[in-house]
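Asks: Below are the structure tokens for one structure; questions will follow.
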Amino acid sequence: MPDRPPVPPVLALHRVSKSFGAVRALHEVSLELFAGEAHALAGENGAGKSTLVKILSGLHRPDAGRILLDGEPAEFHGPADAQRAGVAVIYQEPTLFPDLSVTENIFMGRQPRARFGRIDRPAARRRAAALFAGLGVQLDPDQPARGLSIADQQLVEIAKALSRDARVLIMDEPTAALSGNEVARLFGVVEALRARGCAVLFVSHRLEEIFELCRRVTTLRDGAFVSGDLIADMTPDDLVRRMVGREPEALFPKLDTVPGQVALAVRRLTREGVFTDVSFEVRAGEVVALAGLVGAGRSEVARAVFGVDRPDAGRVEVGGRRLRPASPSAAMAAGLALVPEDRRQQGLIMDLSIERNIALAGLPAVRRGPLISRAAERARAHDWAVRLRLKFARLADPVGVLSGGNQQKVVLAKWLARKPSVLIVDEPTRGIDVGTKAEVHRLLSELAAGGVAVLMISSELPEVLGMADRVLVMHEGRLVADIPRAEATEESVMAAATGRGAA
Amino acid sequence: MSGRETGLAAPAAESAAAPAPPPRGDRLVSRVARVRELGIVVALVLLFAVTGAVNPGFLSPDSLRDILLNSSIVAVLAIGQTLVVITRNVDLSVSSVVGLSAFGGALVLADHPGVPAPLVIAGCVLLGALCGAVNGLLVGVAAVPALVATLGTLYAFRGVDYAWAGGRQVNAADMPEGFLALGSASVLGLPLLALVALAVLLAVGWALRNLPPGRELYAIGSNPEAAVLAGIRVRRRVVAAFVASGALAGLAGAMWAARFGTVDATVATGKELDVIAAVVVGGVAIFGGSGTVYGAVLGAVLLASISSALAVLRVDALAQTAINGALIITAIVLDRVLALRVAAALRRRRYRDAA
């Protein structure tokens with residue numbers, strides 16, 4: 001096979017740049033997708049992969065650079081244009097209409113018609129059923145999308161992409177929520193499409209999937225093009241080095257600690273239909289990772305422990321004392337802190353200043369009589385901003401102007417200022433740059449060394465393996481494995497997370 | 001299409017042993033969906049049975065005709081409102097549009113008796129559609145939240161109405177007989193206005209269910225971001241929903257003028273809340289994505305019937321308002337409880353499938 005097919009690429013980006021405000025998301029990135037070839041897009045969180053996908057799908061328009069369709073310059077004014085050009089996208093988060101049926105979800109925007117422009121429901125239903133039969137799944141086309149499991153939702157997305165006459169199929173981390181079987185089935189479908197001449201762009205964190213499925217890989221780092229390689233010419237370690245820009249070992253400065261008393265004990269915690277019979281302990285000075293696939297119920301466990309959601313059964317003990325359920329204020333009083341997954345929505349008030357955000361979880365401490373002392377607020381914020389090496393212009397600036405990594409430091413500062421005995425962090429380094437990531441890891445490690453019990457939810461295996469003294473793994477709402485640091489490997493954790501491990 | 005199906009037949013055969021999640025949720029949900037509209041019918045039947053038992057006069061043809069007439073204008077407005085609410089928006093300005101259209105129509109009829117009635121009615125609809133376009137552009141293009149935009153136009157349109165009327169009142173005596181006759185005419189024993197509402201209901205109901213733009217309105221309300229990704233022209237559809245709501249409000253204005261004959265600038269003041277109440281009682285989700293125009297119209301009929309029944313039962317007029325309010329809250333609470341039940345059932349189902 002020649003290295004470069006003689007025909008022009010079906011879809012290509014040429015020196016494309018895109019900024020959001022002051023943040024440079026992509027800088028002069030080029031990419032070529034050829035018919036019948038699977039191409040991987042690799043890079044860490046925040047490297048610009050999603051922005052690139054959104055440009056190809058017509059959702060964002062590049063600030064500079066060109067989109068080439070069959071070698072000809074093209075402009076996508078919106079998703080409809082990209083779809084007409086034959087680009088089908090499967091997004092990381094399923095984008096379904098919960099109120100509509102599965103069939104309607106598949107054909108929305110281009111329903112088969114009967115007379116008078118009427119939607120031909122029987123035809124749509126037949127085609128949906130045929131698509132599912134082709135995928136080898138038994139989903140009812142008449143079922144509403146609400147209530148489908150994430151995996152089933154992903155299947156609907158795949159059926160949607162298949163139903164279009166896709167010349168280019170883009171998949172943005174489609175396997176994040178799928179089990180081993182489902183991934184194998186998806187790959188079968190992708191392989192069939194590719195063999196038929198469809199160009200495939202595959203975005204994934206899982207290196208083995210990239211190596212299994214793709215022929216070529218483009219690596220991005222901090223919004224810039226790093227390299228384009230043939231998969232056959234490289235090893236997984238090469239790829240990691242390109243993604244991270246340094247040796248992987250240097251990332252996680254984990255300090256050794258001696259675990260102390262049990263700080264947090266979760267006993268048979270159940271929330272019906274979300275997670276079942278979850279029991280574990282976290283000792284003072286320990287970093288325990290909670291691993292699992294997206295949708296396994298990890299964040300939900302954290303929410304129930306912290307009292308955001310009411311568990312149906314089971315209990316939570318902090319320092320040996322039972323915690324009142326469904327009461328975040330009781331949890332905070334007992335010394336618990338929760339750094340949520342979505343810092344923009346749940347962790348911060350974006351329009352509020354840095355100092356006010358930091359003081360928010362500890363207002364009683366900065367109170368003078370009935371009033372809040374601005375001076376005390378500022379002192380508290382300044383103290384923690386310096387300790388966490390926050391990069392800011394003024395403490396009175398809104399947190400919205402900070403970079404993702406610095407925003408995460410503000411969330412951490414808010415909770416650390418309360419001096420918690422148990423710290424729960426949900427995806428602490430999602431979407432933040434590599435340097436800050438290492439700082440966050442060092443911070444968590446130092447906290448544990450100082451006697452804090454840390455429960456860390458993370459989807460990034462290197463982070464889990466690098467940081468955790470123990471790895472708890474959840475699968476489909478159940479805790480299926482408790483792996484000590486010495487035995488935790490990518491294989492053992494992934495096996496448990498996908499339900500292949502010995503439960 | 002066929003090529004793709006055969007192309008994918010191979011993986012299908014390989015994974016034929018894949019676990020099959022039994023489709024249980026659909027039955028449950030469609031049952032609940034049916035119950036939503038059925039519940040209003042049951043409430044209506046109960047209301048008529050009880051009130052009729054106390055005062056048989058309530059069930060007389062005249063009384064029933066009255067209820068139909070009273071509900072038909074609100075029903076037309078509720079149909080338009082449903083189109084907007086389904087897209088996760090709201091149109092508060094409808095009452096002012098009714099006022100403007102009713103006054104404009106009456107004025108033309110009174111000052112230029114030669115203009116044929118159908119032309120006047122068409123003009124009313126057009127005027128309403130223009131008002132709707134203003135709302136639609138504000139919400140769909142300028143991205144002003146619908147609540148704020150239509151609250152603004154609620155006042156603005158009424159202000160135009162006041163300025164135009166300048167205190168003038170058009171009396172029934174000034175209007176052509178032929179037009180007023182439309183308001184009280186009957187066809188096959190049914191009031192013409194109710195038949196107009198019925199025709200609008202059937203047409204819009206059919207279109208919402210069977211035409212792609214109708215389904216796209218539901219998609220927009222169900223998940224706005226996904227609607228954009230699906231390539232739906234969201235702005236255009238939202239503007240169209242507001243234009244339709246405005247046009248129907250214009251039609252309702254003409255119906256108002258024909259029915260009451262006496263029209264001034266205050267016509268229909270405050271009606272927007274009755275309309276939204278009807279829509280909500282009729283099971284249209286206020287956050288968009290679900291509900292039908294049939295439910296909204298049943299809601300309008302139920303609310304009109306309750307008002308009549310309370311009058312027949314000699315309930316204090318002041319208490320009527322409170323009872324109406326309690327009813328709306330009951331409807332919403334019931335709706336919420338049902339929704340939670342469904343969510344819990346679906347959660348359990350998913351869990352069983354997973355286990």
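Residues in the structure tokens are numbered from 1 in each chain, the chains being A, B, ... in the order shown, and ligands are numbered from 1 in the order shown.
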Could the residues of chain A within 8 Å of chain B, counting only C-alpha atoms, be given as a count of residues only, please?
Replies: 43
Asks: I'd like the contact shell of segment 398-410 of chain A - 6 Å cut-off, only C-alpha atoms, skipping same-chain residues fewer than 5 positions apart - returned as a PyMOL selection string.
Replies: chain A and resi 350-354+390+432+436
Asks: Using DSSP assignments from the backbone, pull out every residue in segment 290-438 of chain A that falls under strand (DSSP E or B) and give it to me as a list in words.
Replies: Leu290, Ala291, Gly292, Ala313, Gly314, Arg315, Val316, Glu317, Val318, Arg321, Arg322, Leu336, Ala337, Leu338, Val339, Ser353, Arg367, Arg368, Leu371, Ile372, Pro398, Val422, Leu423, Ile424, Val425 and Asp426 of chain A
Asks: Using N, CA, C and O atoms, can you write the selected residues to a file as a tab-separated table (two decimals), in the first residue's frame?
Replies:
chain	number	residue	atom	x	y	z
A	290	LEU	N	-11.18	6.25	42.70
A	290	LEU	CA	-12.41	5.56	42.33
A	290	LEU	C	-12.43	5.58	40.80
A	290	LEU	O	-12.64	6.62	40.18
A	291	ALA	N	-12.16	4.42	40.22
A	291	ALA	CA	-12.05	4.35	38.76
A	291	ALA	C	-13.29	3.66	38.20
A	291	ALA	O	-14.09	3.08	38.93
A	292	GLY	N	-13.43	3.72	36.89
A	292	GLY	CA	-14.57	3.10	36.23
A	292	GLY	C	-14.88	3.86	34.97
A	292	GLY	O	-14.33	4.93	34.73
A	313	ALA	N	-30.47	3.46	50.73
A	313	ALA	CA	-30.08	2.59	51.83
A	313	ALA	C	-28.59	2.79	52.09
A	313	ALA	O	-27.87	3.33	51.25
A	314	GLY	N	-28.16	2.31	53.27
A	314	GLY	CA	-26.75	2.37	53.61
A	314	GLY	C	-26.42	3.65	54.35
A	314	GLY	O	-27.27	4.51	54.55
A	315	ARG	N	-25.16	3.73	54.82
A	315	ARG	CA	-24.78	4.92	55.56
A	315	ARG	C	-23.34	5.32	55.34
A	315	ARG	O	-22.55	4.57	54.79
A	316	VAL	N	-23.06	6.53	55.79
A	316	VAL	CA	-21.74	7.11	55.63
A	316	VAL	C	-21.25	7.51	57.01
A	316	VAL	O	-21.99	8.12	57.78
A	317	GLU	N	-20.00	7.13	57.34
A	317	GLU	CA	-19.43	7.53	58.63
A	317	GLU	C	-18.17	8.35	58.38
A	317	GLU	O	-17.33	7.98	57.57
A	318	VAL	N	-18.08	9.44	59.10
A	318	VAL	CA	-16.86	10.26	59.02
A	318	VAL	C	-16.25	10.30	60.41
A	318	VAL	O	-16.90	10.70	61.36
A	321	ARG	N	-18.29	8.58	63.13
A	321	ARG	CA	-19.64	9.03	63.47
A	321	ARG	C	-20.51	9.05	62.24
A	321	ARG	O	-20.10	9.50	61.18
A	322	ARG	N	-21.74	8.56	62.41
A	322	ARG	CA	-22.64	8.46	61.29
A	322	ARG	C	-23.06	9.86	60.82
A	322	ARG	O	-23.36	10.73	61.63
A	336	LEU	N	-16.01	17.04	55.65
A	336	LEU	CA	-15.97	16.56	54.28
A	336	LEU	C	-15.88	17.73	53.30
A	336	LEU	O	-16.44	18.80	53.56
A	337	ALA	N	-15.21	17.52	52.20
A	337	ALA	CA	-15.20	18.52	51.14
A	337	ALA	C	-15.35	17.81	49.81
A	337	ALA	O	-14.81	16.72	49.63
A	338	LEU	N	-16.11	18.40	48.89
A	338	LEU	CA	-16.31	17.79	47.58
A	338	LEU	C	-15.94	18.79	46.49
A	338	LEU	O	-16.55	19.86	46.39
A	339	VAL	N	-14.96	18.46	45.69
A	339	VAL	CA	-14.62	19.27	44.53
A	339	VAL	C	-15.29	18.61	43.33
A	339	VAL	O	-14.89	17.52	42.93
A	353	SER	N	-15.92	37.21	42.05
A	353	SER	CA	-14.48	37.40	42.10
A	353	SER	C	-13.78	36.17	42.71
A	353	SER	O	-14.42	35.32	43.33
A	367	ARG	N	-16.90	36.11	59.02
A	367	ARG	CA	-17.99	36.98	59.47
A	367	ARG	C	-17.54	37.81	60.66
A	367	ARG	O	-16.80	37.36	61.52
A	368	ARG	N	-17.94	39.08	60.65
A	368	ARG	CA	-17.75	39.93	61.83
A	368	ARG	C	-19.14	40.38	62.23
A	368	ARG	O	-19.70	41.27	61.58
A	371	LEU	N	-22.14	40.87	59.56
A	371	LEU	CA	-21.62	41.26	58.25
A	371	LEU	C	-20.44	40.38	57.85
A	371	LEU	O	-19.76	39.80	58.68
A	372	ILE	N	-20.21	40.32	56.56
A	372	ILE	CA	-19.03	39.63	56.06
A	372	ILE	C	-17.91	40.64	55.97
A	372	ILE	O	-18.07	41.72	55.40
A	398	PRO	N	-13.11	38.47	38.26
A	398	PRO	CA	-14.00	37.31	38.23
A	398	PRO	C	-13.23	36.04	37.87
A	398	PRO	O	-12.28	36.10	37.07
A	422	VAL	N	-11.59	14.93	55.10
A	422	VAL	CA	-11.81	14.04	53.96
A	422	VAL	C	-12.05	14.91	52.74
A	422	VAL	O	-12.94	15.75	52.75
A	423	LEU	N	-11.24	14.71	51.70
A	423	LEU	CA	-11.40	15.51	50.49
A	423	LEU	C	-11.81	14.58	49.35
A	423	LEU	O	-11.10	13.62	49.03
A	424	ILE	N	-12.97	14.85	48.76
A	424	ILE	CA	-13.39	14.09	47.58
A	424	ILE	C	-13.17	14.98	46.37
A	424	ILE	O	-13.69	16.09	46.32
A	425	VAL	N	-12.39	14.50	45.41
A	425	VAL	CA	-12.17	15.28	44.19
A	425	VAL	C	-12.67	14.47	43.01
A	425	VAL	O	-12.31	13.30	42.85
A	426	ASP	N	-13.52	15.09	42.19
A	426	ASP	CA	-14.11	14.40	41.04
A	426	ASP	C	-13.43	14.94	39.78
A	426	ASP	O	-13.57	16.11	39.46
Asks: Would you mind reading off the distance between atom CA of Ile323 of chain B and atom CA of Gly52 of chain B, one decimal, in Å?
Replies: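 Atom CA of Ile323 of chain B sits 18.9 Å away from atom CA of Gly52 of chain B.
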Asks: Tell me, which residues of segment 211-384 of chain A carry DSSP helix (DSSP H, G or I), written as a PyMOL selection string?
Replies: chain A and resi 211-213+231-233+236-244+248-251+298-306+328-333+343-347+354-366+374-384
Asks: Can I get the selected residues back with C-alpha atoms, as an mmCIF file, in the first residue's frame?
Replies:
data_model
loop_
_atom_site.group_PDB
_atom_site.id
_atom_site.type_symbol
_atom_site.label_atom_id
_atom_site.label_comp_id
_atom_site.auth_asym_id
_atom_site.auth_seq_id
_atom_site.Cartn_x
_atom_site.Cartn_y
_atom_site.Cartn_z
ATOM 1 C CA PHE A 211 -3.372 0.998 17.650
ATOM 2 C CA GLU A 212 -6.043 -1.584 16.885
ATOM 3 C CA LEU A 213 -8.262 0.525 14.662
ATOM 4 C CA ILE A 231 0.725 3.890 13.427
ATOM 5 C CA ALA A 232 2.889 1.100 12.090
ATOM 6 C CA ASP A 233 5.983 3.242 12.679
ATOM 7 C CA PRO A 236 2.429 3.331 22.419
ATOM 8 C CA ASP A 237 5.258 4.921 24.410
ATOM 9 C CA ASP A 238 6.143 7.111 21.426
ATOM 10 C CA LEU A 239 2.564 8.271 21.239
ATOM 11 C CA VAL A 240 2.377 9.073 24.952
ATOM 12 C CA ARG A 241 5.591 11.080 24.687
ATOM 13 C CA ARG A 242 4.146 13.084 21.802
ATOM 14 C CA MET A 243 0.901 13.719 23.689
ATOM 15 C CA VAL A 244 2.490 14.689 26.973
ATOM 16 C CA PRO A 248 5.330 9.927 31.466
ATOM 17 C CA GLU A 249 7.022 9.032 34.761
ATOM 18 C CA ALA A 250 7.698 12.639 35.681
ATOM 19 C CA LEU A 251 4.029 13.417 35.984
ATOM 20 C CA ARG A 298 -18.743 7.098 40.544
ATOM 21 C CA SER A 299 -19.797 10.748 40.689
ATOM 22 C CA GLU A 300 -23.181 9.653 41.933
ATOM 23 C CA VAL A 301 -21.561 7.837 44.864
ATOM 24 C CA ALA A 302 -19.589 10.985 45.678
ATOM 25 C CA ARG A 303 -22.757 13.077 45.537
ATOM 26 C CA ALA A 304 -24.566 10.691 47.876
ATOM 27 C CA VAL A 305 -21.618 10.577 50.293
ATOM 28 C CA PHE A 306 -21.525 14.358 50.434
ATOM 29 C CA PRO A 328 -24.268 18.723 52.537
ATOM 30 C CA SER A 329 -24.060 21.119 55.479
ATOM 31 C CA ALA A 330 -23.820 18.180 57.889
ATOM 32 C CA ALA A 331 -21.144 16.663 55.675
ATOM 33 C CA MET A 332 -19.201 19.919 55.673
ATOM 34 C CA ALA A 333 -19.515 20.260 59.432
ATOM 35 C CA ARG A 343 -16.269 23.346 37.934
ATOM 36 C CA ARG A 344 -18.014 25.872 35.694
ATOM 37 C CA GLN A 345 -21.498 24.721 36.672
ATOM 38 C CA GLN A 346 -20.997 23.323 40.151
ATOM 39 C CA GLY A 347 -17.606 24.314 41.468
ATOM 40 C CA ILE A 354 -11.685 35.001 43.026
ATOM 41 C CA GLU A 355 -11.734 36.076 46.675
ATOM 42 C CA ARG A 356 -15.481 35.717 47.020
ATOM 43 C CA ASN A 357 -15.412 32.269 45.428
ATOM 44 C CA ILE A 358 -12.709 31.120 47.808
ATOM 45 C CA ALA A 359 -14.557 32.461 50.839
ATOM 46 C CA LEU A 360 -17.895 31.022 49.767
ATOM 47 C CA ALA A 361 -17.598 27.657 51.541
ATOM 48 C CA GLY A 362 -16.388 29.296 54.749
ATOM 49 C CA LEU A 363 -18.541 32.365 55.228
ATOM 50 C CA PRO A 364 -18.882 31.875 59.019
ATOM 51 C CA ALA A 365 -15.107 32.157 59.300
ATOM 52 C CA VAL A 366 -15.002 35.569 57.640
ATOM 53 C CA ARG A 374 -14.127 41.990 53.166
ATOM 54 C CA ALA A 375 -10.724 42.193 54.797
ATOM 55 C CA ALA A 376 -11.006 38.727 56.318
ATOM 56 C CA GLU A 377 -12.333 37.401 53.019
ATOM 57 C CA ARG A 378 -9.406 38.862 51.144
ATOM 58 C CA ALA A 379 -6.880 37.602 53.682
ATOM 59 C CA ARG A 380 -8.271 34.079 53.482
ATOM 60 C CA ALA A 381 -8.260 34.169 49.687
ATOM 61 C CA HIS A 382 -4.776 35.650 49.468
ATOM 62 C CA ASP A 383 -3.365 33.091 51.858
ATOM 63 C CA TRP A 384 -4.622 30.171 49.759
#
Asks: Need the shell around Leu192 of chain B: protein/DNA/RNA residues with any atom at most 7 Å away, counting only C-alpha atoms. Skip same-chain ones fewer than 6 positions apart. Format as a count of residues only?
Replies: 3
Asks: Which residues are near Ala40 of chain A? Cut-off 6 Å, only C-alpha atoms, ignore same chain within fewer than 5 positions. Put them as a PyMOL selection string.
Replies: chain A and resi 201-203+214+217
Asks: Could you give me, as a PDB file with N, CA, C and O atoms, in the first residue's frame, the residues within 9 Å of segment 142-159 of chain B, counting only C-alpha atoms and dropping anything in the same chain fewer than 4 positions from it?
Replies:
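Listing of around.pdb after writing:
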ATOM      1  N   ARG B  88     -39.720  25.333  24.329  1.00  0.00           N
ATOM      2  CA  ARG B  88     -39.109  25.815  25.564  1.00  0.00           C
ATOM      3  C   ARG B  88     -39.126  27.345  25.626  1.00  0.00           C
ATOM      4  O   ARG B  88     -38.208  27.961  26.135  1.00  0.00           O
ATOM      5  N   ASN B  89     -40.166  27.956  25.051  1.00  0.00           N
ATOM      6  CA  ASN B  89     -40.346  29.388  25.150  1.00  0.00           C
ATOM      7  C   ASN B  89     -41.746  29.659  25.694  1.00  0.00           C
ATOM      8  O   ASN B  89     -42.465  28.732  26.041  1.00  0.00           O
ATOM      9  N   VAL B  90     -42.119  30.923  25.781  1.00  0.00           N
ATOM     10  CA  VAL B  90     -43.460  31.261  26.221  1.00  0.00           C
ATOM     11  C   VAL B  90     -43.834  32.568  25.523  1.00  0.00           C
ATOM     12  O   VAL B  90     -42.970  33.374  25.183  1.00  0.00           O
ATOM     13  N   ASP B  91     -45.128  32.752  25.243  1.00  0.00           N
ATOM     14  CA  ASP B  91     -45.600  33.973  24.602  1.00  0.00           C
ATOM     15  C   ASP B  91     -46.619  34.651  25.515  1.00  0.00           C
ATOM     16  O   ASP B  91     -47.782  34.280  25.539  1.00  0.00           O
ATOM     17  N   LEU B  92     -46.140  35.627  26.292  1.00  0.00           N
ATOM     18  CA  LEU B  92     -47.033  36.321  27.219  1.00  0.00           C
ATOM     19  C   LEU B  92     -47.851  37.396  26.512  1.00  0.00           C
ATOM     20  O   LEU B  92     -48.831  37.892  27.064  1.00  0.00           O
ATOM     21  N   SER B  93     -47.457  37.758  25.305  1.00  0.00           N
ATOM     22  CA  SER B  93     -48.062  38.931  24.676  1.00  0.00           C
ATOM     23  C   SER B  93     -49.395  38.635  23.999  1.00  0.00           C
ATOM     24  O   SER B  93     -50.011  39.543  23.446  1.00  0.00           O
ATOM     25  N   VAL B  94     -49.859  37.375  24.017  1.00  0.00           N
ATOM     26  CA  VAL B  94     -51.038  37.019  23.210  1.00  0.00           C
ATOM     27  C   VAL B  94     -52.262  37.885  23.514  1.00  0.00           C
ATOM     28  O   VAL B  94     -52.990  38.266  22.600  1.00  0.00           O
ATOM     29  N   SER B  95     -52.469  38.214  24.793  1.00  0.00           N
ATOM     30  CA  SER B  95     -53.678  38.980  25.116  1.00  0.00           C
ATOM     31  C   SER B  95     -53.643  40.358  24.468  1.00  0.00           C
ATOM     32  O   SER B  95     -54.663  40.852  23.976  1.00  0.00           O
ATOM     33  N   SER B  96     -52.470  40.960  24.431  1.00  0.00           N
ATOM     34  CA  SER B  96     -52.360  42.276  23.806  1.00  0.00           C
ATOM     35  C   SER B  96     -52.558  42.174  22.296  1.00  0.00           C
ATOM     36  O   SER B  96     -53.121  43.074  21.670  1.00  0.00           O
ATOM     37  N   VAL B  97     -52.086  41.072  21.713  1.00  0.00           N
ATOM     38  CA  VAL B  97     -52.286  40.867  20.275  1.00  0.00           C
ATOM     39  C   VAL B  97     -53.776  40.712  19.989  1.00  0.00           C
ATOM     40  O   VAL B  97     -54.305  41.275  19.020  1.00  0.00           O
ATOM     41  N   GLY B  99     -56.156  41.997  21.748  1.00  0.00           N
ATOM     42  CA  GLY B  99     -56.740  43.324  21.909  1.00  0.00           C
ATOM     43  C   GLY B  99     -56.521  44.180  20.671  1.00  0.00           C
ATOM     44  O   GLY B  99     -57.458  44.804  20.143  1.00  0.00           O
ATOM     45  N   LEU B 100     -55.294  44.172  20.187  1.00  0.00           N
ATOM     46  CA  LEU B 100     -54.937  44.986  19.024  1.00  0.00           C
ATOM     47  C   LEU B 100     -55.738  44.555  17.798  1.00  0.00           C
ATOM     48  O   LEU B 100     -56.317  45.379  17.072  1.00  0.00           O
ATOM     49  N   CYS B 131     -47.179  40.883  14.756  1.00  0.00           N
ATOM     50  CA  CYS B 131     -46.804  40.985  16.174  1.00  0.00           C
ATOM     51  C   CYS B 131     -45.973  39.764  16.574  1.00  0.00           C
ATOM     52  O   CYS B 131     -44.963  39.881  17.278  1.00  0.00           O
ATOM     53  N   VAL B 134     -42.463  40.029  15.495  1.00  0.00           N
ATOM     54  CA  VAL B 134     -41.656  40.869  16.385  1.00  0.00           C
ATOM     55  C   VAL B 134     -41.137  40.017  17.555  1.00  0.00           C
ATOM     56  O   VAL B 134     -39.941  40.009  17.868  1.00  0.00           O
ATOM     57  N   ASN B 135     -42.051  39.271  18.184  1.00  0.00           N
ATOM     58  CA  ASN B 135     -41.639  38.389  19.279  1.00  0.00           C
ATOM     59  C   ASN B 135     -40.586  37.397  18.814  1.00  0.00           C
ATOM     60  O   ASN B 135     -39.579  37.168  19.483  1.00  0.00           O
ATOM     61  N   GLY B 136     -40.862  36.792  17.674  1.00  0.00           N
ATOM     62  CA  GLY B 136     -39.974  35.751  17.163  1.00  0.00           C
ATOM     63  C   GLY B 136     -38.578  36.285  16.898  1.00  0.00           C
ATOM     64  O   GLY B 136     -37.584  35.634  17.214  1.00  0.00           O
ATOM     65  N   LEU B 137     -38.502  37.485  16.319  1.00  0.00           N
ATOM     66  CA  LEU B 137     -37.185  38.052  16.035  1.00  0.00           C
ATOM     67  C   LEU B 137     -36.451  38.369  17.335  1.00  0.00           C
ATOM     68  O   LEU B 137     -35.247  38.137  17.464  1.00  0.00           O
ATOM     69  N   LEU B 138     -37.201  38.902  18.311  1.00  0.00           N
ATOM     70  CA  LEU B 138     -36.575  39.219  19.601  1.00  0.00           C
ATOM     71  C   LEU B 138     -36.004  37.958  20.235  1.00  0.00           C
ATOM     72  O   LEU B 138     -34.878  37.942  20.731  1.00  0.00           O
ATOM     73  N   ALA B 163     -52.969  53.830  22.226  1.00  0.00           N
ATOM     74  CA  ALA B 163     -52.678  55.028  21.442  1.00  0.00           C
ATOM     75  C   ALA B 163     -53.593  55.103  20.215  1.00  0.00           C
ATOM     76  O   ALA B 163     -54.119  56.155  19.865  1.00  0.00           O
ATOM     77  N   TRP B 164     -53.782  53.934  19.584  1.00  0.00           N
ATOM     78  CA  TRP B 164     -54.612  53.841  18.392  1.00  0.00           C
ATOM     79  C   TRP B 164     -56.075  54.170  18.734  1.00  0.00           C
ATOM     80  O   TRP B 164     -56.728  54.985  18.075  1.00  0.00           O
ATOM     81  N   ALA B 265     -59.944  49.406  23.837  1.00  0.00           N
ATOM     82  CA  ALA B 265     -58.515  49.066  23.889  1.00  0.00           C
ATOM     83  C   ALA B 265     -58.164  48.086  25.011  1.00  0.00           C
ATOM     84  O   ALA B 265     -57.041  47.590  25.057  1.00  0.00           O
ATOM     85  N   THR B 266     -59.104  47.801  25.902  1.00  0.00           N
ATOM     86  CA  THR B 266     -58.762  46.931  27.035  1.00  0.00           C
ATOM     87  C   THR B 266     -59.125  45.472  26.778  1.00  0.00           C
ATOM     88  O   THR B 266     -58.949  44.634  27.672  1.00  0.00           O
ATOM     89  N   THR B 269     -57.509  41.926  28.265  1.00  0.00           N
ATOM     90  CA  THR B 269     -56.443  42.183  29.235  1.00  0.00           C
ATOM     91  C   THR B 269     -56.381  41.046  30.268  1.00  0.00           C
ATOM     92  O   THR B 269     -57.405  40.665  30.832  1.00  0.00           O
TER      93      THR B 269
END
Asks: List the neighbours of Ser227 of chain A out to 8 Å using only C-alpha atoms; skip same-chain residues closer than 5 positions along the sequence, and give me the result as a list in words.
Replies: Thr218, Thr219, Leu220 and Arg242 of chain A
Asks: Using only C-alpha atoms for the distances, tell me which of A:Ala74, A:Ala296, A:Ala42, A:Ala47 is nearest to Ile210 of chain A.
Replies: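 Of all the options, A:Ala42 lies closest to Ile210 of chain A.
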Asks: Nearest to Leu26 of chain A: which of A:Asp63, A:Glu72, A:Glu446, A:Glu427 is it, counting only C-alpha atoms?
Replies: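 Checking each of A:Asp63, A:Glu72, A:Glu446, A:Glu427 against Leu26 of chain A, counting only C-alpha atoms, the winner is A:Asp63.
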